[in-house]
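Trainee: File follows, my_file_34.cif with mmCIF, C-alpha atoms and all ligand atoms:
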data_model
loop_
_atom_site.group_PDB
_atom_site.id
_atom_site.type_symbol
_atom_site.label_atom_id
_atom_site.label_comp_id
_atom_site.auth_asym_id
_atom_site.auth_seq_id
_atom_site.Cartn_x
_atom_site.Cartn_y
_atom_site.Cartn_z
ATOM 1 C CA MET P 1 103.390 101.410 113.398
ATOM 2 C CA ASP P 2 101.429 98.230 114.145
ATOM 3 C CA ASN P 3 99.434 96.177 111.642
ATOM 4 C CA TYR P 4 98.135 98.055 108.569
ATOM 5 C CA GLU P 5 96.269 94.943 107.315
ATOM 6 C CA SER P 6 94.012 94.791 110.374
ATOM 7 C CA PHE P 7 93.684 98.603 110.279
ATOM 8 C CA LYS P 8 92.238 98.307 106.729
ATOM 9 C CA LYS P 9 89.630 95.827 108.027
ATOM 10 C CA ASP P 10 88.682 98.157 110.898
ATOM 11 C CA VAL P 11 88.348 101.086 108.467
ATOM 12 C CA LEU P 12 86.097 99.038 106.175
ATOM 13 C CA SER P 13 83.770 98.075 108.999
ATOM 14 C CA LEU P 14 83.697 101.603 110.468
ATOM 15 C CA THR P 15 83.401 103.651 107.258
ATOM 16 C CA GLY P 16 82.492 101.289 104.386
ATOM 17 C CA ILE P 17 85.703 102.417 102.625
ATOM 18 C CA ASP P 18 87.839 99.539 101.325
ATOM 19 C CA LEU P 19 91.439 100.766 101.426
ATOM 20 C CA ASN P 20 92.531 97.695 99.439
ATOM 21 C CA SER P 21 91.202 99.414 96.309
ATOM 22 C CA TYR P 22 93.270 102.575 96.868
ATOM 23 C CA LYS P 23 96.975 102.749 95.907
ATOM 24 C CA GLU P 24 98.676 101.653 99.064
ATOM 25 C CA GLY P 25 101.919 103.676 99.272
ATOM 26 C CA GLN P 26 100.230 107.039 98.865
ATOM 27 C CA MET P 27 97.287 106.231 101.133
ATOM 28 C CA LYS P 28 99.440 104.787 103.906
ATOM 29 C CA ARG P 29 101.702 107.860 103.888
ATOM 30 C CA ARG P 30 98.672 110.134 104.251
ATOM 31 C CA ILE P 31 97.187 108.083 107.073
ATOM 32 C CA ASP P 32 100.514 107.804 108.931
ATOM 33 C CA SER P 33 100.942 111.554 108.801
ATOM 34 C CA LEU P 34 97.399 112.134 110.100
ATOM 35 C CA ILE P 35 98.059 109.714 112.965
ATOM 36 C CA SER P 36 101.264 111.577 113.893
ATOM 37 C CA ARG P 37 99.395 114.870 113.743
ATOM 38 C CA ASN P 38 97.008 113.434 116.315
ATOM 39 C CA LYS P 39 100.074 112.636 118.458
ATOM 40 C CA LEU P 40 99.449 108.888 118.326
ATOM 41 C CA THR P 41 101.922 106.223 117.291
ATOM 42 C CA GLY P 42 99.926 103.194 116.138
ATOM 43 C CA TYR P 43 96.918 102.163 114.054
ATOM 44 C CA ASN P 44 95.234 100.477 117.033
ATOM 45 C CA SER P 45 95.204 103.593 119.172
ATOM 46 C CA TYR P 46 94.029 105.644 116.164
ATOM 47 C CA VAL P 47 91.150 103.226 115.466
ATOM 48 C CA ASN P 48 90.088 103.588 119.096
ATOM 49 C CA LEU P 49 90.129 107.359 118.696
ATOM 50 C CA ILE P 50 87.941 107.414 115.564
ATOM 51 C CA ARG P 51 85.634 104.766 117.012
ATOM 52 C CA THR P 52 84.866 106.914 120.042
ATOM 53 C CA ASN P 53 85.200 110.505 118.833
ATOM 54 C CA ARG P 54 82.741 111.683 116.146
ATOM 55 C CA ASP P 55 84.765 114.772 115.182
ATOM 56 C CA LYS P 56 87.910 112.700 114.751
ATOM 57 C CA PHE P 57 85.949 110.153 112.703
ATOM 58 C CA ASP P 58 84.696 112.910 110.391
ATOM 59 C CA GLU P 59 88.198 114.368 110.169
ATOM 60 C CA PHE P 60 89.508 110.947 109.112
ATOM 61 C CA VAL P 61 86.907 110.369 106.368
ATOM 62 C CA ASN P 62 87.350 113.900 105.116
ATOM 63 C CA TYR P 63 91.129 113.609 105.014
ATOM 64 C CA LEU P 64 91.029 110.177 103.410
ATOM 65 C CA THR P 65 88.789 111.243 100.590
ATOM 66 C CA ILE P 66 90.879 114.232 99.384
ATOM 67 C CA ASN P 67 88.110 116.653 98.538
ATOM 68 C CA VAL P 68 89.953 119.370 96.643
ATOM 69 C CA SER P 69 87.823 120.802 93.852
ATOM 70 C CA GLU P 70 87.114 124.102 92.110
ATOM 71 C CA PHE P 71 84.874 125.528 89.413
ATOM 72 C CA TRP P 72 86.194 125.039 85.875
ATOM 73 C CA ARG P 73 89.082 122.897 87.137
ATOM 74 C CA ASN P 74 91.527 122.355 84.219
ATOM 75 C CA GLY P 75 89.961 124.958 81.949
ATOM 76 C CA GLU P 76 91.384 123.386 78.787
ATOM 77 C CA GLN P 77 89.140 120.353 79.356
ATOM 78 C CA TRP P 78 86.055 122.570 79.639
ATOM 79 C CA ALA P 79 86.968 124.269 76.357
ATOM 80 C CA ILE P 80 87.000 120.888 74.560
ATOM 81 C CA LEU P 81 83.760 119.926 76.295
ATOM 82 C CA GLU P 82 82.090 123.092 75.008
ATOM 83 C CA LYS P 83 83.457 122.907 71.479
ATOM 84 C CA ASP P 84 83.384 119.189 70.651
ATOM 85 C CA ILE P 85 81.188 117.292 73.083
ATOM 86 C CA LEU P 86 78.181 119.300 74.248
ATOM 87 C CA PRO P 87 76.920 120.241 70.769
ATOM 88 C CA VAL P 88 76.589 116.499 70.079
ATOM 89 C CA ILE P 89 75.143 115.205 73.345
ATOM 90 C CA THR P 90 72.537 117.975 73.609
ATOM 91 C CA LYS P 91 71.211 117.425 70.075
ATOM 92 C CA SER P 92 68.222 115.385 71.242
ATOM 93 C CA GLY P 93 66.921 118.390 73.210
ATOM 94 C CA SER P 94 67.659 117.082 76.708
ATOM 95 C CA VAL P 95 70.580 115.623 78.585
ATOM 96 C CA LYS P 96 71.239 113.307 81.513
ATOM 97 C CA ILE P 97 74.709 113.425 83.103
ATOM 98 C CA TRP P 98 76.373 111.785 86.121
ATOM 99 C CA SER P 99 79.093 113.693 87.952
ATOM 100 C CA ALA P 100 80.671 110.847 89.950
ATOM 101 C CA ALA P 101 82.881 111.811 92.918
ATOM 102 C CA CYS P 102 81.622 115.389 92.682
ATOM 103 C CA SER P 103 83.091 116.568 96.015
ATOM 104 C CA THR P 104 81.705 120.003 97.006
ATOM 105 C CA GLY P 105 79.667 120.386 93.809
ATOM 106 C CA ASP P 106 81.929 122.770 91.883
ATOM 107 C CA GLU P 107 81.981 120.321 88.953
ATOM 108 C CA PRO P 108 78.233 119.618 88.538
ATOM 109 C CA TYR P 109 77.392 123.327 88.946
ATOM 110 C CA SER P 110 80.028 124.193 86.294
ATOM 111 C CA LEU P 111 78.367 121.619 84.012
ATOM 112 C CA VAL P 112 74.928 123.201 84.337
ATOM 113 C CA MET P 113 76.310 126.675 83.556
ATOM 114 C CA LEU P 114 77.818 125.440 80.312
ATOM 115 C CA LEU P 115 74.843 123.245 79.376
ATOM 116 C CA ARG P 116 72.481 126.208 79.757
ATOM 117 C CA LYS P 117 74.101 127.614 76.589
ATOM 118 C CA TYR P 118 72.440 124.726 74.733
ATOM 119 C CA LEU P 119 69.341 123.773 76.719
ATOM 120 C CA ASP P 120 66.682 125.123 79.068
ATOM 121 C CA PHE P 121 67.228 124.322 82.724
ATOM 122 C CA SER P 122 64.202 122.007 82.609
ATOM 123 C CA ARG P 123 66.002 119.806 80.036
ATOM 124 C CA ILE P 124 69.181 119.382 82.114
ATOM 125 C CA LYS P 125 69.318 116.499 84.614
ATOM 126 C CA ILE P 126 72.496 115.954 86.597
ATOM 127 C CA THR P 127 73.080 113.231 89.168
ATOM 128 C CA ALA P 128 76.020 114.215 91.369
ATOM 129 C CA SER P 129 77.467 111.697 93.803
ATOM 130 C CA ASP P 130 80.233 111.255 96.335
ATOM 131 C CA LEU P 131 80.893 108.868 99.205
ATOM 132 C CA ASP P 132 81.618 111.668 101.667
ATOM 133 C CA LYS P 133 78.475 113.004 103.394
ATOM 134 C CA GLN P 134 80.191 116.203 104.481
ATOM 135 C CA VAL P 135 81.100 117.338 100.966
ATOM 136 C CA LEU P 136 77.602 116.469 99.743
ATOM 137 C CA ALA P 137 76.065 118.653 102.452
ATOM 138 C CA ALA P 138 78.311 121.533 101.351
ATOM 139 C CA ALA P 139 77.449 120.893 97.691
ATOM 140 C CA LYS P 140 73.703 121.118 98.380
ATOM 141 C CA THR P 141 74.181 124.398 100.232
ATOM 142 C CA GLY P 142 76.026 125.774 97.200
ATOM 143 C CA ILE P 143 78.048 128.399 99.093
ATOM 144 C CA TYR P 144 81.706 128.887 98.137
ATOM 145 C CA MET P 145 84.781 130.889 99.057
ATOM 146 C CA GLU P 146 85.964 133.249 96.335
ATOM 147 C CA LYS P 147 89.073 131.127 95.688
ATOM 148 C CA SER P 148 86.913 128.229 94.382
ATOM 149 C CA LEU P 149 85.671 130.539 91.626
ATOM 150 C CA LYS P 150 89.033 131.838 90.438
ATOM 151 C CA GLY P 151 89.092 129.826 87.179
ATOM 152 C CA LEU P 152 85.429 130.396 86.302
ATOM 153 C CA PRO P 153 84.737 132.591 83.219
ATOM 154 C CA ALA P 154 83.545 136.020 84.370
ATOM 155 C CA GLU P 155 80.229 135.752 82.472
ATOM 156 C CA PHE P 156 79.214 132.771 84.639
ATOM 157 C CA ARG P 157 80.285 134.351 87.894
ATOM 158 C CA THR P 158 78.111 137.365 87.183
ATOM 159 C CA LYS P 159 75.166 135.358 85.935
ATOM 160 C CA TYR P 160 74.949 132.552 88.463
ATOM 161 C CA PHE P 161 76.348 133.775 91.799
ATOM 162 C CA LYS P 162 75.166 136.150 94.462
ATOM 163 C CA GLN P 163 77.717 137.530 96.902
ATOM 164 C CA LEU P 164 76.676 137.105 100.545
ATOM 165 C CA PRO P 165 77.330 139.691 103.293
ATOM 166 C CA ASN P 166 80.198 137.518 104.624
ATOM 167 C CA GLY P 167 81.959 137.721 101.219
ATOM 168 C CA GLN P 168 81.171 134.150 100.147
ATOM 169 C CA PHE P 169 79.281 133.306 96.942
ATOM 170 C CA GLU P 170 76.030 131.351 96.592
ATOM 171 C CA VAL P 171 74.978 129.610 93.349
ATOM 172 C CA SER P 172 71.560 130.394 91.938
ATOM 173 C CA ALA P 173 68.484 128.271 92.673
ATOM 174 C CA ASP P 174 68.116 127.591 88.910
ATOM 175 C CA LEU P 175 71.385 125.671 88.956
ATOM 176 C CA LYS P 176 70.551 123.820 92.176
ATOM 177 C CA ARG P 177 67.264 122.583 90.718
ATOM 178 C CA CYS P 178 69.057 120.743 87.887
ATOM 179 C CA ILE P 179 71.137 118.601 90.241
ATOM 180 C CA THR P 180 70.233 115.629 92.449
ATOM 181 C CA PHE P 181 72.966 114.915 94.979
ATOM 182 C CA MET P 182 73.357 111.382 96.281
ATOM 183 C CA GLU P 183 75.687 109.383 98.485
ATOM 184 C CA HIS P 184 77.450 106.758 96.373
ATOM 185 C CA ASN P 185 80.606 104.662 96.747
ATOM 186 C CA LEU P 186 82.134 103.864 93.335
ATOM 187 C CA LEU P 187 83.751 100.732 94.761
ATOM 188 C CA SER P 188 80.759 99.104 96.390
ATOM 189 C CA ASN P 189 77.359 100.543 95.390
ATOM 190 C CA SER P 190 75.296 99.623 92.334
ATOM 191 C CA TYR P 191 75.526 102.173 89.523
ATOM 192 C CA PRO P 192 72.704 104.311 88.132
ATOM 193 C CA SER P 193 72.269 104.086 84.355
ATOM 194 C CA ASP P 194 71.074 105.660 81.117
ATOM 195 C CA PHE P 195 73.476 108.622 80.983
ATOM 196 C CA ASP P 196 74.531 110.679 77.957
ATOM 197 C CA MET P 197 77.778 111.481 79.761
ATOM 198 C CA ILE P 198 79.609 110.422 82.925
ATOM 199 C CA VAL P 199 82.098 112.893 84.384
ATOM 200 C CA CYS P 200 84.565 111.288 86.794
ATOM 201 C CA ARG P 201 87.628 113.404 87.424
ATOM 202 C CA ASN P 202 90.489 113.368 89.887
ATOM 203 C CA VAL P 203 89.478 110.326 91.879
ATOM 204 C CA LEU P 204 90.521 107.322 89.760
ATOM 205 C CA ILE P 205 94.184 108.304 90.291
ATOM 206 C CA TYR P 206 93.848 107.125 93.901
ATOM 207 C CA PHE P 207 92.629 103.641 92.961
ATOM 208 C CA THR P 208 94.550 100.448 92.118
ATOM 209 C CA ASP P 209 94.567 99.279 88.466
ATOM 210 C CA GLU P 210 92.074 96.476 89.289
ATOM 211 C CA ALA P 211 89.657 98.906 90.905
ATOM 212 C CA LYS P 212 89.946 101.317 87.939
ATOM 213 C CA GLU P 213 89.311 98.557 85.393
ATOM 214 C CA ALA P 214 86.164 97.427 87.229
ATOM 215 C CA ILE P 215 84.951 101.046 87.279
ATOM 216 C CA TYR P 216 85.547 101.557 83.520
ATOM 217 C CA ARG P 217 83.415 98.461 82.839
ATOM 218 C CA ARG P 218 80.639 99.648 85.101
ATOM 219 C CA PHE P 219 80.683 103.148 83.570
ATOM 220 C CA TYR P 220 80.371 101.524 80.151
ATOM 221 C CA LYS P 221 77.151 99.830 81.272
ATOM 222 C CA SER P 222 75.822 103.039 82.803
ATOM 223 C CA LEU P 223 76.147 104.997 79.550
ATOM 224 C CA LYS P 224 73.627 105.139 76.711
ATOM 225 C CA ALA P 225 74.806 104.117 73.214
ATOM 226 C CA ASN P 226 77.415 106.676 72.040
ATOM 227 C CA GLY P 227 77.593 108.072 75.568
ATOM 228 C CA ILE P 228 80.723 109.966 76.670
ATOM 229 C CA LEU P 229 83.095 109.310 79.556
ATOM 230 C CA PHE P 230 84.945 112.456 80.701
ATOM 231 C CA LEU P 231 88.021 111.783 82.887
ATOM 232 C CA GLY P 232 90.566 113.976 84.710
ATOM 233 C CA SER P 233 93.631 115.429 83.022
ATOM 234 C CA THR P 234 95.989 112.762 84.417
ATOM 235 C CA GLU P 235 93.615 109.838 84.083
ATOM 236 C CA GLN P 236 93.789 108.625 80.486
ATOM 237 C CA ILE P 237 92.666 105.022 79.887
ATOM 238 C CA LEU P 238 95.655 103.033 78.552
ATOM 239 C CA HIS P 239 93.708 100.594 76.356
ATOM 240 C CA PRO P 240 90.238 102.087 75.987
ATOM 241 C CA LYS P 241 89.062 99.544 73.397
ATOM 242 C CA ASP P 242 89.450 96.777 76.030
ATOM 243 C CA TYR P 243 86.546 98.394 77.881
ATOM 244 C CA GLY P 244 84.455 99.281 74.834
ATOM 245 C CA PHE P 245 85.574 102.918 74.561
ATOM 246 C CA GLU P 246 86.979 104.902 71.650
ATOM 247 C CA PRO P 247 89.097 107.986 72.479
ATOM 248 C CA ILE P 248 87.542 111.009 70.784
ATOM 249 C CA SER P 249 89.671 113.762 72.230
ATOM 250 C CA SER P 250 92.065 113.933 75.196
ATOM 251 C CA PHE P 251 90.207 112.740 78.306
ATOM 252 C CA PHE P 252 86.974 112.081 76.416
ATOM 253 C CA TYR P 253 85.920 108.564 75.428
ATOM 254 C CA LYS P 254 82.900 107.395 73.479
ATOM 255 C CA LYS P 255 81.020 104.175 74.179
ATOM 256 C CA ILE P 256 81.267 101.996 71.058
HETATM 257 C C1 LIG P 301 89.771 115.344 94.419
HETATM 258 S S1 LIG P 301 88.011 115.174 94.577
HETATM 259 C C2 LIG P 301 87.488 115.400 92.920
HETATM 260 C C3 LIG P 301 86.321 116.335 92.795
HETATM 261 C C4 LIG P 301 85.930 116.721 91.374
HETATM 262 N N1 LIG P 301 85.553 115.568 90.589
HETATM 263 C C5 LIG P 301 87.037 117.490 90.702
HETATM 264 O O1 LIG P 301 87.694 116.937 89.812
HETATM 265 O O2 LIG P 301 87.285 118.647 91.048
HETATM 266 C C6 LIG P 301 87.865 113.441 94.849
HETATM 267 C C7 LIG P 301 86.516 113.038 95.417
HETATM 268 O O3 LIG P 301 86.392 111.626 95.298
HETATM 269 C C8 LIG P 301 85.618 111.165 96.377
HETATM 270 N N2 LIG P 301 85.845 109.717 96.539
HETATM 271 C C9 LIG P 301 86.947 109.069 96.998
HETATM 272 N N3 LIG P 301 86.743 107.739 96.983
HETATM 273 C C10 LIG P 301 85.483 107.545 96.480
HETATM 274 C C11 LIG P 301 84.694 106.400 96.237
HETATM 275 N N4 LIG P 301 85.156 105.178 96.500
HETATM 276 N N5 LIG P 301 83.432 106.567 95.740
HETATM 277 C C12 LIG P 301 82.943 107.821 95.480
HETATM 278 N N6 LIG P 301 83.653 108.953 95.698
HETATM 279 C C13 LIG P 301 84.914 108.818 96.197
HETATM 280 C C14 LIG P 301 86.114 111.983 97.549
HETATM 281 O O4 LIG P 301 85.191 112.009 98.619
HETATM 282 C C15 LIG P 301 86.350 113.339 96.913
HETATM 283 O O5 LIG P 301 85.257 114.199 97.110
#
Output the file's structure in the form of structure tokens.
Mentor:
Amino acid sequence: MDNYESFKKDVLSLTGIDLNSYKEGQMKRRIDSLISRNKLTGYNSYVNLIRTNRDKFDEFVNYLTINVSEFWRNGEQWAILEKDILPVITKSGSVKIWSAACSTGDEPYSLVMLLRKYLDFSRIKITASDLDKQVLAAAKTGIYMEKSLKGLPAEFRTKYFKQLPNGQFEVSADLKRCITFMEHNLLSNSYPSDFDMIVCRNVLIYFTDEAKEAIYRRFYKSLKANGILFLGSTEQILHPKDYGFEPISSFFYKKI
């Protein structure tokens, strides 16, 4: 393969995605395999392909961003959220949460379902963001294959989904109204603020240590006093105090 350094520059100018902030070995292996699948042998020819072919460009961004998600992903984390975290952060009678890197929306919709046990829909405000336009479009539509719902408690499936004639499931309008979806790159855009909780799961693992550290600091600023940071099950912060966080339970950190 020809020069990966100049390929990274081309990708940044074409997509706004800075591959320098993603762990290199893993990312390069993924990209090389996608290039082979397209029956090309070098980065230059692949850049020409994505520059000129919209479908191939979308395929690249989609592949790069690893969009896997599902409702109630890692159920044990949702159990802790329900038992230890939500009773505290909903005490004031309303809540404002950011689901960062939300992919197809499974995570923010799961949040609203659980929050409704504590608050009226009108008191629940979720900002859900991702850098990939395609997943955001799917998230706004709110239509899912049955396999995305496999981990979801039955009570929520019955209450909040309608099955469509084609067998897929659509989330209720009540849930959709609580969520504002927005395009946002965690590595380059300015961060919204004033959140009771930030949920950012299964994306930081792809970033370099420097990129992660910068994100922890920015999340800290985006949280209210005593706000909670909720990370993925393999994404513990090694020295949380260095960033102003106190671990309160596995994967949950409080702003101190
Ligand atoms: C594996 S999904 C995680 C979805 C969800 N949080 C979950 O845990 O099920 C990772 C998401 O991160 C998004 N992503 C990757 N790099 C990003 C960046 N720099 N800024 C914002 N989102 C990013 C991808 O588009 C993808 O939708």
Trainee: Which chains and residue numbers are within 9 Å of ligand LIG 301 (chain P), counting all atoms listed in the file, if I want them as a ChimeraX atom specification?
Mentor: /P:17-18,21-22,61-74,99-108,129-136,183-189,199-204,206-207,231-232
Trainee: With all atoms listed in the file as the basis for distance, which of P:Val171, P:Ile97, P:Ala128, P:Ile89 is at the shortest distance from Met113 of chain P?
Mentor: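 Going through P:Val171, P:Ile97, P:Ala128, P:Ile89 one by one, the smallest distance to Met113 of chain P is for P:Val171.
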Trainee: I need the output of the PyMOL selection byres (((chain P and resi 23) around 9) and not hetatm) for this file as a ChimeraX atom specification; which residues are they?
Mentor: /P:19-22,24-28,205-209
Trainee: I'd like the residues picked by the PyMOL selection byres (((chain P and resi 166) around 12) and not hetatm) written out as a ChimeraX atom specification, using the chain letters and numbers from the file.
Mentor: /P:143-146,162-165,167-170
Trainee: Decode the PyMOL selection byres (((chain P and resi 196) around 8) and not hetatm) for the given file into explicit residues and return them as an MDAnalysis selection string.
Mentor: chainID P and resid 89 95:97 194:195 197:198 223:224 226:228
Trainee: What lies within 7 Å of Gly244 of chain P using all atoms listed in the file, ignoring chain neighbours under 2 positions off, as an NGL selection string?
Mentor: :P and (240-242 or 246 or 255-256)
